[in-house]
file protein.pdb (PDB, C-alpha atoms and all ligand atoms)
ATOM      1  CA  MET V   1      55.213  -1.311   9.945  1.00  0.00           C
ATOM      2  CA  THR V   2      57.096  -1.957   6.744  1.00  0.00           C
ATOM      3  CA  ASN V   3      57.281   0.780   4.168  1.00  0.00           C
ATOM      4  CA  TRP V   4      56.997  -0.695   0.690  1.00  0.00           C
ATOM      5  CA  LYS V   5      58.700   0.933  -2.231  1.00  0.00           C
ATOM      6  CA  THR V   6      58.026   0.238  -5.911  1.00  0.00           C
ATOM      7  CA  ILE V   7      61.126  -1.002  -7.681  1.00  0.00           C
ATOM      8  CA  LEU V   8      59.665  -1.979 -11.066  1.00  0.00           C
ATOM      9  CA  THR V   9      56.310  -1.803 -12.799  1.00  0.00           C
ATOM     10  CA  PHE V  10      54.881  -4.218 -15.349  1.00  0.00           C
ATOM     11  CA  THR V  11      51.919  -4.069 -17.670  1.00  0.00           C
ATOM     12  CA  TYR V  12      50.806  -7.624 -16.892  1.00  0.00           C
ATOM     13  CA  PRO V  13      51.186  -9.770 -13.757  1.00  0.00           C
ATOM     14  CA  HIS V  14      52.884 -12.660 -15.586  1.00  0.00           C
ATOM     15  CA  GLU V  15      55.769 -10.346 -16.503  1.00  0.00           C
ATOM     16  CA  ALA V  16      56.368  -9.589 -12.851  1.00  0.00           C
ATOM     17  CA  HIS V  17      56.641 -13.153 -11.611  1.00  0.00           C
ATOM     18  CA  PRO V  18      60.144 -14.076 -12.861  1.00  0.00           C
ATOM     19  CA  VAL V  19      61.481 -10.912 -11.252  1.00  0.00           C
ATOM     20  CA  LYS V  20      59.583 -11.613  -8.040  1.00  0.00           C
ATOM     21  CA  ALA V  21      60.971 -15.158  -8.015  1.00  0.00           C
ATOM     22  CA  LEU V  22      64.486 -13.831  -8.413  1.00  0.00           C
ATOM     23  CA  LEU V  23      64.113 -11.533  -5.413  1.00  0.00           C
ATOM     24  CA  ASP V  24      62.451 -14.332  -3.429  1.00  0.00           C
ATOM     25  CA  SER V  25      65.515 -16.471  -4.067  1.00  0.00           C
ATOM     26  CA  HIS V  26      67.614 -13.709  -2.484  1.00  0.00           C
ATOM     27  CA  HIS V  27      65.264 -13.669   0.526  1.00  0.00           C
ATOM     28  CA  ILE V  28      63.935 -10.243  -0.264  1.00  0.00           C
ATOM     29  CA  PRO V  29      60.238  -9.949   0.561  1.00  0.00           C
ATOM     30  CA  THR V  30      58.139  -8.738  -2.343  1.00  0.00           C
ATOM     31  CA  PHE V  31      54.634  -7.508  -2.857  1.00  0.00           C
ATOM     32  CA  LEU V  32      52.785  -7.145  -6.151  1.00  0.00           C
ATOM     33  CA  LYS V  33      50.512  -4.163  -5.848  1.00  0.00           C
ATOM     34  CA  ASP V  34      47.359  -4.101  -7.978  1.00  0.00           C
ATOM     35  CA  GLU V  35      48.102  -7.638  -9.204  1.00  0.00           C
ATOM     36  CA  MET V  36      44.641  -9.024  -8.479  1.00  0.00           C
ATOM     37  CA  THR V  37      42.810  -6.080  -9.984  1.00  0.00           C
ATOM     38  CA  ILE V  38      44.822  -6.227 -13.172  1.00  0.00           C
ATOM     39  CA  GLN V  39      44.591 -10.012 -13.367  1.00  0.00           C
ATOM     40  CA  ALA V  40      40.822  -9.750 -13.277  1.00  0.00           C
ATOM     41  CA  HIS V  41      40.575  -6.758 -15.555  1.00  0.00           C
ATOM     42  CA  ASN V  42      43.561  -6.535 -17.867  1.00  0.00           C
ATOM     43  CA  PHE V  43      42.408  -3.285 -19.355  1.00  0.00           C
ATOM     44  CA  TYR V  44      42.816  -1.544 -15.983  1.00  0.00           C
ATOM     45  CA  SER V  45      46.564  -1.983 -16.214  1.00  0.00           C
ATOM     46  CA  TYR V  46      47.265   1.298 -17.955  1.00  0.00           C
ATOM     47  CA  ALA V  47      44.833   3.218 -15.792  1.00  0.00           C
ATOM     48  CA  LEU V  48      46.426   1.908 -12.602  1.00  0.00           C
ATOM     49  CA  GLY V  49      49.967   2.358 -13.885  1.00  0.00           C
ATOM     50  CA  GLY V  50      50.646  -1.358 -14.170  1.00  0.00           C
ATOM     51  CA  VAL V  51      51.504  -4.051 -11.647  1.00  0.00           C
ATOM     52  CA  LYS V  52      53.916  -2.638  -9.111  1.00  0.00           C
ATOM     53  CA  LEU V  53      56.629  -4.868  -7.742  1.00  0.00           C
ATOM     54  CA  GLN V  54      57.394  -3.538  -4.295  1.00  0.00           C
ATOM     55  CA  VAL V  55      60.097  -4.318  -1.784  1.00  0.00           C
ATOM     56  CA  PRO V  56      60.598  -3.087   1.781  1.00  0.00           C
ATOM     57  CA  GLU V  57      62.308   0.268   1.829  1.00  0.00           C
ATOM     58  CA  ASP V  58      65.322  -1.044   3.751  1.00  0.00           C
ATOM     59  CA  LYS V  59      65.829  -3.824   1.176  1.00  0.00           C
ATOM     60  CA  PHE V  60      65.441  -1.526  -1.824  1.00  0.00           C
ATOM     61  CA  GLU V  61      69.129  -0.964  -2.427  1.00  0.00           C
ATOM     62  CA  LYS V  62      69.966  -4.669  -2.271  1.00  0.00           C
ATOM     63  CA  ALA V  63      67.074  -5.506  -4.594  1.00  0.00           C
ATOM     64  CA  TYR V  64      68.109  -2.763  -6.986  1.00  0.00           C
ATOM     65  CA  ILE V  65      71.636  -4.176  -7.278  1.00  0.00           C
ATOM     66  CA  ILE V  66      70.313  -7.706  -7.888  1.00  0.00           C
ATOM     67  CA  LEU V  67      67.907  -6.524 -10.585  1.00  0.00           C
ATOM     68  CA  LYS V  68      70.574  -4.394 -12.199  1.00  0.00           C
ATOM     69  CA  GLU V  69      73.064  -7.254 -12.317  1.00  0.00           C
ATOM     70  CA  SER V  70      70.482  -9.508 -13.918  1.00  0.00           C
ATOM     71  CA  GLY V  71      69.506  -6.903 -16.474  1.00  0.00           C
ATOM     72  CA  PHE V  72      65.965  -6.208 -15.270  1.00  0.00           C
ATOM     73  CA  ILE V  73      66.909  -2.639 -14.493  1.00  0.00           C
ATOM     74  CA  VAL V  74      68.922  -0.585 -16.941  1.00  0.00           C
ATOM     75  CA  ASP V  75      70.398   2.574 -15.557  1.00  0.00           C
ATOM     76  CA  LYS V  76      69.304   5.569 -17.570  1.00  0.00           C
ATOM     77  CA  LYS V  77      72.802   6.998 -17.413  1.00  0.00           C
ATOM     78  CA  GLU V  78      74.369   3.843 -18.805  1.00  0.00           C
ATOM     79  CA  ARG V  79      71.958   3.424 -21.623  1.00  0.00           C
ATOM     80  CA  LYS V  80      73.218   4.080 -25.142  1.00  0.00           C
ATOM     81  CA  LYS V  81      76.427   5.496 -23.735  1.00  0.00           C
ATOM     82  CA  ASP V  82      78.580   4.911 -26.757  1.00  0.00           C
ATOM     83  CA  ILE V  83      76.043   4.411 -29.477  1.00  0.00           C
ATOM     84  CA  ILE V  84      74.993   7.214 -31.747  1.00  0.00           C
ATOM     85  CA  GLU V  85      71.469   6.468 -32.849  1.00  0.00           C
ATOM     86  CA  GLU V  86      70.043   7.638 -36.115  1.00  0.00           C
ATOM     87  CA  VAL V  87      66.979   9.794 -35.786  1.00  0.00           C
ATOM     88  CA  LYS V  88      64.993  10.563 -38.895  1.00  0.00           C
ATOM     89  CA  GLN V  89      64.189  14.184 -39.313  1.00  0.00           C
ATOM     90  CA  ASP V  90      60.764  15.330 -40.299  1.00  0.00           C
ATOM     91  CA  LYS V  91      58.939  18.594 -39.901  1.00  0.00           C
ATOM     92  CA  ASN V  92      58.035  17.735 -36.288  1.00  0.00           C
ATOM     93  CA  THR V  93      61.587  17.024 -35.206  1.00  0.00           C
ATOM     94  CA  ASN V  94      62.599  19.287 -32.374  1.00  0.00           C
ATOM     95  CA  LEU V  95      66.371  19.410 -32.298  1.00  0.00           C
ATOM     96  CA  ASN V  96      66.381  20.695 -28.733  1.00  0.00           C
ATOM     97  CA  ILE V  97      64.607  17.696 -27.219  1.00  0.00           C
ATOM     98  CA  CYS V  98      66.117  14.300 -26.502  1.00  0.00           C
ATOM     99  CA  PRO V  99      64.297  11.673 -28.632  1.00  0.00           C
ATOM    100  CA  PHE V 100      64.766   9.056 -25.895  1.00  0.00           C
ATOM    101  CA  CYS V 101      63.735  10.757 -22.673  1.00  0.00           C
ATOM    102  CA  LYS V 102      62.295  14.072 -23.926  1.00  0.00           C
ATOM    103  CA  SER V 103      64.741  16.053 -21.837  1.00  0.00           C
ATOM    104  CA  GLU V 104      65.724  19.529 -22.982  1.00  0.00           C
ATOM    105  CA  ASN V 105      69.127  19.183 -21.400  1.00  0.00           C
ATOM    106  CA  VAL V 106      70.829  18.413 -24.702  1.00  0.00           C
ATOM    107  CA  SER V 107      73.711  19.836 -26.632  1.00  0.00           C
ATOM    108  CA  LYS V 108      75.138  19.672 -30.075  1.00  0.00           C
ATOM    109  CA  VAL V 109      78.544  18.051 -30.342  1.00  0.00           C
ATOM    110  CA  LYS V 110      80.378  19.495 -33.290  1.00  0.00           C
ATOM    111  CA  HIS V 111      83.253  17.099 -33.617  1.00  0.00           C
ATOM    112  CA  SER V 112      83.562  13.447 -32.916  1.00  0.00           C
ATOM    113  CA  SER V 113      86.151  12.263 -30.467  1.00  0.00           C
ATOM    114  CA  GLN V 114      89.648  11.514 -31.689  1.00  0.00           C
ATOM    115  CA  LEU V 115      89.045   7.820 -31.137  1.00  0.00           C
ATOM    116  CA  ILE V 116      86.004   7.664 -33.376  1.00  0.00           C
ATOM    117  CA  TYR V 117      87.918   9.684 -35.932  1.00  0.00           C
ATOM    118  CA  VAL V 118      90.768   7.169 -35.928  1.00  0.00           C
ATOM    119  CA  ILE V 119      88.426   4.174 -36.088  1.00  0.00           C
ATOM    120  CA  TYR V 120      86.641   5.653 -39.049  1.00  0.00           C
ATOM    121  CA  LEU V 121      89.899   6.434 -40.711  1.00  0.00           C
ATOM    122  CA  LEU V 122      91.048   2.847 -40.239  1.00  0.00           C
ATOM    123  CA  LEU V 123      87.785   1.484 -41.532  1.00  0.00           C
ATOM    124  CA  GLY V 124      88.083   3.739 -44.512  1.00  0.00           C
ATOM    125  CA  LEU V 125      84.651   5.192 -44.065  1.00  0.00           C
ATOM    126  CA  PHE V 126      83.539   8.577 -45.179  1.00  0.00           C
ATOM    127  CA  LEU V 127      84.246  10.898 -42.289  1.00  0.00           C
ATOM    128  CA  PRO V 128      81.875  13.867 -42.460  1.00  0.00           C
ATOM    129  CA  ILE V 129      78.859  11.725 -41.536  1.00  0.00           C
ATOM    130  CA  PHE V 130      80.115  11.690 -37.975  1.00  0.00           C
ATOM    131  CA  ARG V 131      80.947  15.355 -37.810  1.00  0.00           C
ATOM    132  CA  LYS V 132      77.999  16.364 -35.751  1.00  0.00           C
ATOM    133  CA  TYR V 133      75.733  14.678 -33.293  1.00  0.00           C
ATOM    134  CA  TYR V 134      73.540  15.519 -30.345  1.00  0.00           C
ATOM    135  CA  ARG V 135      73.811  14.296 -26.830  1.00  0.00           C
ATOM    136  CA  CYS V 136      71.518  14.321 -23.828  1.00  0.00           C
ATOM    137  CA  TYR V 137      72.926  15.037 -20.379  1.00  0.00           C
ATOM    138  CA  ASP V 138      70.004  13.363 -18.637  1.00  0.00           C
ATOM    139  CA  CYS V 139      69.982   9.878 -20.178  1.00  0.00           C
ATOM    140  CA  GLY V 140      73.366   9.875 -21.874  1.00  0.00           C
ATOM    141  CA  GLY V 141      71.748   9.283 -25.244  1.00  0.00           C
ATOM    142  CA  LYS V 142      73.546  10.265 -28.418  1.00  0.00           C
ATOM    143  CA  TRP V 143      71.930  10.665 -31.780  1.00  0.00           C
ATOM    144  CA  LYS V 144      72.370  12.216 -35.138  1.00  0.00           C
ATOM    145  CA  ILE V 145      69.766  13.554 -37.436  1.00  0.00           C
ATOM    146  CA  VAL V 146      69.271  11.791 -40.719  1.00  0.00           C
ATOM    147  CA  LYS V 147      67.397  13.674 -43.386  1.00  0.00           C
ATOM    148  CA  LYS V 148      64.725  11.633 -45.081  1.00  0.00           C
TER     149      LYS V 148
HETATM  150 ZN    ZN V 201      67.679  11.911 -22.943  1.00  0.00          ZN
END

call {"tool": "encode", "arguments": {"input": "protein.pdb", "output": "structure tokens", "more": "lines below"}}
Ligand SMILES: [Zn+2]
result
Amino acid sequence: MTNWKTILTFTYPHEAHPVKALLDSHHIPTFLKDEMTIQAHNFYSYALGGVKLQVPEDKFEKAYIILKESGFIVDKKERKKDIIEEVKQDKNTNLNICPFCKSENVSKVKHSSQLIYVIYLLLGLFLPIFRKYYRCYDCGGKWKIVKK
């Protein structure tokens, strides 16, 4: 018996089909779990956790690579690697929680890297704005707090 493993989930069935077609073209068998239920009753999607695109367990790795190369899967670790996002601070802002993945595995980075320093110097921008930012060790996100 084949063990099926969920590789991606979608809110609506029509979002799943291009991805399914891509895997089909690589001869990877696919199965859309809960597709019929959600097609008939769209509002069940959230309750059921969406349409699940599943592949056989032994094909999972191959499918993962294909979906990653075509941009359907974005590795959490690679996301926002070198971008420092601006996060607006309000009274609910918790500085110890990652705004992207809610992880508490974050740290404050006091000084920007030498490279950023040089770039900013060359661009003639005001330096202190990049003095301090936060980073998350779980998703690789970087952000700085902007006061309203
Ligand atoms: Zn994070």

call {"tool": "atom_distance", "arguments": {"input": "protein.pdb", "atom1": "CA of Asp24 in chain V", "atom2": "CA of Asn42 in chain V"}}
result
25.0 Å

call {"tool": "residues_near_ligand", "arguments": {"input": "protein.pdb", "ligand": "ligand ZN 201 (chain V)", "cutoff": "8 Å", "atoms": "all atoms listed in the file", "output": "ChimeraX atom specification"}}
result
/V:97-106,135-141

call {"tool": "write_last_selection", "arguments": {"input": "protein.pdb", "atoms": "C-alpha atoms", "output": "PDB file, keeping the file's coordinate frame"}}
result
ATOM      1  CA  ILE V  97      64.607  17.696 -27.219  1.00  0.00           C
ATOM      2  CA  CYS V  98      66.117  14.300 -26.502  1.00  0.00           C
ATOM      3  CA  PRO V  99      64.297  11.673 -28.632  1.00  0.00           C
ATOM      4  CA  PHE V 100      64.766   9.056 -25.895  1.00  0.00           C
ATOM      5  CA  CYS V 101      63.735  10.757 -22.673  1.00  0.00           C
ATOM      6  CA  LYS V 102      62.295  14.072 -23.926  1.00  0.00           C
ATOM      7  CA  SER V 103      64.741  16.053 -21.837  1.00  0.00           C
ATOM      8  CA  GLU V 104      65.724  19.529 -22.982  1.00  0.00           C
ATOM      9  CA  ASN V 105      69.127  19.183 -21.400  1.00  0.00           C
ATOM     10  CA  VAL V 106      70.829  18.413 -24.702  1.00  0.00           C
ATOM     11  CA  ARG V 135      73.811  14.296 -26.830  1.00  0.00           C
ATOM     12  CA  CYS V 136      71.518  14.321 -23.828  1.00  0.00           C
ATOM     13  CA  TYR V 137      72.926  15.037 -20.379  1.00  0.00           C
ATOM     14  CA  ASP V 138      70.004  13.363 -18.637  1.00  0.00           C
ATOM     15  CA  CYS V 139      69.982   9.878 -20.178  1.00  0.00           C
ATOM     16  CA  GLY V 140      73.366   9.875 -21.874  1.00  0.00           C
ATOM     17  CA  GLY V 141      71.748   9.283 -25.244  1.00  0.00           C
TER      18      GLY V 141
END

call {"tool": "closest_residue", "arguments": {"input": "protein.pdb", "among": "V:His17, V:Lys144, V:Lys132, V:Lys108", "to": "Leu53 in chain V", "atoms": "all atoms listed in the file"}}
result
V:His17

call {"tool": "atom_distance", "arguments": {"input": "protein.pdb", "atom1": "CA of Glu15 in chain V", "atom2": "CA of Glu35 in chain V"}}
result
10.9 Å

call {"tool": "closest_residue", "arguments": {"input": "protein.pdb", "among": "V:Lys147, V:Lys142, V:Lys91, V:Lys68", "to": "Leu23 in chain V", "atoms": "all atoms listed in the file"}}
result
V:Lys68

call {"tool": "residues_around", "arguments": {"input": "protein.pdb", "residues": "range 37-39 of chain V", "least_positions_apart": "5", "cutoff": "12 Å", "atoms": "all atoms listed in the file", "output": "tab-separated table (two decimals) with C-alpha atoms, in the coordinates of the input"}}
result
chain	number	residue	atom	x	y	z
V	10	PHE	CA	54.88	-4.22	-15.35
V	11	THR	CA	51.92	-4.07	-17.67
V	12	TYR	CA	50.81	-7.62	-16.89
V	13	PRO	CA	51.19	-9.77	-13.76
V	14	HIS	CA	52.88	-12.66	-15.59
V	15	GLU	CA	55.77	-10.35	-16.50
V	16	ALA	CA	56.37	-9.59	-12.85
V	32	LEU	CA	52.78	-7.14	-6.15
V	44	TYR	CA	42.82	-1.54	-15.98
V	45	SER	CA	46.56	-1.98	-16.21
V	46	TYR	CA	47.26	1.30	-17.95
V	47	ALA	CA	44.83	3.22	-15.79
V	48	LEU	CA	46.43	1.91	-12.60
V	49	GLY	CA	49.97	2.36	-13.88
V	50	GLY	CA	50.65	-1.36	-14.17
V	51	VAL	CA	51.50	-4.05	-11.65
V	52	LYS	CA	53.92	-2.64	-9.11

call {"tool": "atom_distance", "arguments": {"input": "protein.pdb", "atom1": "CA of Gln89 in chain V", "atom2": "CA of Val74 in chain V"}}
result
27.2 Å

call {"tool": "axis_aligned_box", "arguments": {"input": "protein.pdb", "around": "range 139-147 of chain V", "padding_each_side": "6 Å", "output": "AutoDock Vina command-line options"}}
result
--center_x 70.5 --center_y 11.5 --center_z -31.8 --size_x 18.1 --size_y 16.4 --size_z 35.2

call {"tool": "closest_residue", "arguments": {"input": "protein.pdb", "among": "V:Val19, V:Trp4, V:Ser25, V:Asp34", "to": "Val55 in chain V", "atoms": "only C-alpha atoms"}}
result
V:Trp4

call {"tool": "residues_near_point", "arguments": {"input": "protein.pdb", "point": "(61.6, -4.0, -12.9)", "cutoff": "6 Å", "atoms": "all atoms listed in the file", "output": "list in words"}}
result
Leu8, Thr9, Phe72 and Ile73 of chain V

call {"tool": "closest_residue", "arguments": {"input": "protein.pdb", "among": "V:Tyr133, V:His27, V:Lys62, V:Leu22", "to": "Ile83 in chain V", "atoms": "only C-alpha atoms"}}
result
V:Tyr133

call {"tool": "build_atoms", "arguments": {"input": "protein.pdb", "residues": "range 47-81 of chain V", "atoms": "N, CA and C atoms", "output": "compact mmCIF listing (two decimals), in the coordinates of the input"}}
result
# COMPACT_ATOMS: atom_id res chain seq x y z
N ALA V 47 45.45 2.23 -16.67
CA ALA V 47 44.83 3.22 -15.79
C ALA V 47 45.48 3.21 -14.41
N LEU V 48 45.85 2.02 -13.94
CA LEU V 48 46.43 1.91 -12.60
C LEU V 48 47.94 2.10 -12.61
N GLY V 49 48.52 2.20 -13.80
CA GLY V 49 49.97 2.36 -13.88
C GLY V 49 50.69 1.03 -13.79
N GLY V 50 50.00 -0.05 -14.10
CA GLY V 50 50.65 -1.36 -14.17
C GLY V 50 50.73 -2.07 -12.82
N VAL V 51 51.27 -3.29 -12.87
CA VAL V 51 51.50 -4.05 -11.65
C VAL V 51 52.80 -3.53 -11.02
N LYS V 52 52.73 -3.20 -9.76
CA LYS V 52 53.92 -2.64 -9.11
C LYS V 52 54.60 -3.68 -8.24
N LEU V 53 55.84 -3.97 -8.58
CA LEU V 53 56.63 -4.87 -7.74
C LEU V 53 57.27 -4.02 -6.64
N GLN V 54 56.90 -4.35 -5.41
CA GLN V 54 57.39 -3.54 -4.30
C GLN V 54 58.27 -4.36 -3.36
N VAL V 55 59.21 -3.68 -2.77
CA VAL V 55 60.10 -4.32 -1.78
C VAL V 55 60.14 -3.40 -0.55
N PRO V 56 60.48 -3.95 0.60
CA PRO V 56 60.60 -3.09 1.78
C PRO V 56 61.67 -2.02 1.55
N GLU V 57 61.41 -0.85 2.08
CA GLU V 57 62.31 0.27 1.83
C GLU V 57 63.76 -0.05 2.21
N ASP V 58 63.95 -0.76 3.31
CA ASP V 58 65.32 -1.04 3.75
C ASP V 58 66.00 -2.12 2.91
N LYS V 59 65.23 -2.80 2.05
CA LYS V 59 65.83 -3.82 1.18
C LYS V 59 65.97 -3.29 -0.27
N PHE V 60 65.53 -2.06 -0.47
CA PHE V 60 65.44 -1.53 -1.82
C PHE V 60 66.80 -1.53 -2.53
N GLU V 61 67.81 -1.07 -1.82
CA GLU V 61 69.13 -0.96 -2.43
C GLU V 61 69.67 -2.33 -2.86
N LYS V 62 69.50 -3.31 -1.97
CA LYS V 62 69.97 -4.67 -2.27
C LYS V 62 69.21 -5.22 -3.49
N ALA V 63 67.89 -5.01 -3.48
CA ALA V 63 67.07 -5.51 -4.59
C ALA V 63 67.47 -4.81 -5.90
N TYR V 64 67.74 -3.54 -5.80
CA TYR V 64 68.11 -2.76 -6.99
C TYR V 64 69.39 -3.33 -7.62
N ILE V 65 70.36 -3.64 -6.78
CA ILE V 65 71.64 -4.18 -7.28
C ILE V 65 71.41 -5.54 -7.95
N ILE V 66 70.60 -6.38 -7.32
CA ILE V 66 70.31 -7.71 -7.89
C ILE V 66 69.64 -7.57 -9.25
N LEU V 67 68.65 -6.69 -9.33
CA LEU V 67 67.91 -6.52 -10.58
C LEU V 67 68.77 -5.88 -11.66
N LYS V 68 69.68 -5.04 -11.23
CA LYS V 68 70.57 -4.39 -12.20
C LYS V 68 71.55 -5.41 -12.77
N GLU V 69 72.10 -6.25 -11.87
CA GLU V 69 73.06 -7.25 -12.32
C GLU V 69 72.42 -8.28 -13.24
N SER V 70 71.13 -8.53 -13.05
CA SER V 70 70.48 -9.51 -13.92
C SER V 70 69.79 -8.85 -15.12
N GLY V 71 69.99 -7.57 -15.26
CA GLY V 71 69.51 -6.90 -16.47
C GLY V 71 68.05 -6.48 -16.46
N PHE V 72 67.37 -6.63 -15.32
CA PHE V 72 65.96 -6.21 -15.27
C PHE V 72 65.85 -4.69 -15.14
N ILE V 73 66.89 -4.09 -14.59
CA ILE V 73 66.91 -2.64 -14.49
C ILE V 73 68.10 -2.13 -15.29
N VAL V 74 67.84 -1.19 -16.18
CA VAL V 74 68.92 -0.58 -16.94
C VAL V 74 69.02 0.87 -16.50
N ASP V 75 70.18 1.21 -16.00
CA ASP V 75 70.40 2.57 -15.56
C ASP V 75 70.26 3.55 -16.72
N LYS V 76 69.49 4.59 -16.50
CA LYS V 76 69.30 5.57 -17.57
C LYS V 76 70.64 6.15 -18.04
N LYS V 77 71.52 6.37 -17.07
CA LYS V 77 72.80 7.00 -17.41
C LYS V 77 73.69 6.08 -18.26
N GLU V 78 73.50 4.77 -18.09
CA GLU V 78 74.37 3.84 -18.80
C GLU V 78 73.84 3.49 -20.18
N ARG V 79 72.59 3.80 -20.38
CA ARG V 79 71.96 3.42 -21.62
C ARG V 79 72.58 4.18 -22.80
N LYS V 80 72.81 3.47 -23.88
CA LYS V 80 73.22 4.08 -25.14
C LYS V 80 74.44 4.98 -24.99
N LYS V 81 75.30 4.64 -24.04
CA LYS V 81 76.43 5.50 -23.74
C LYS V 81 77.29 5.77 -24.96
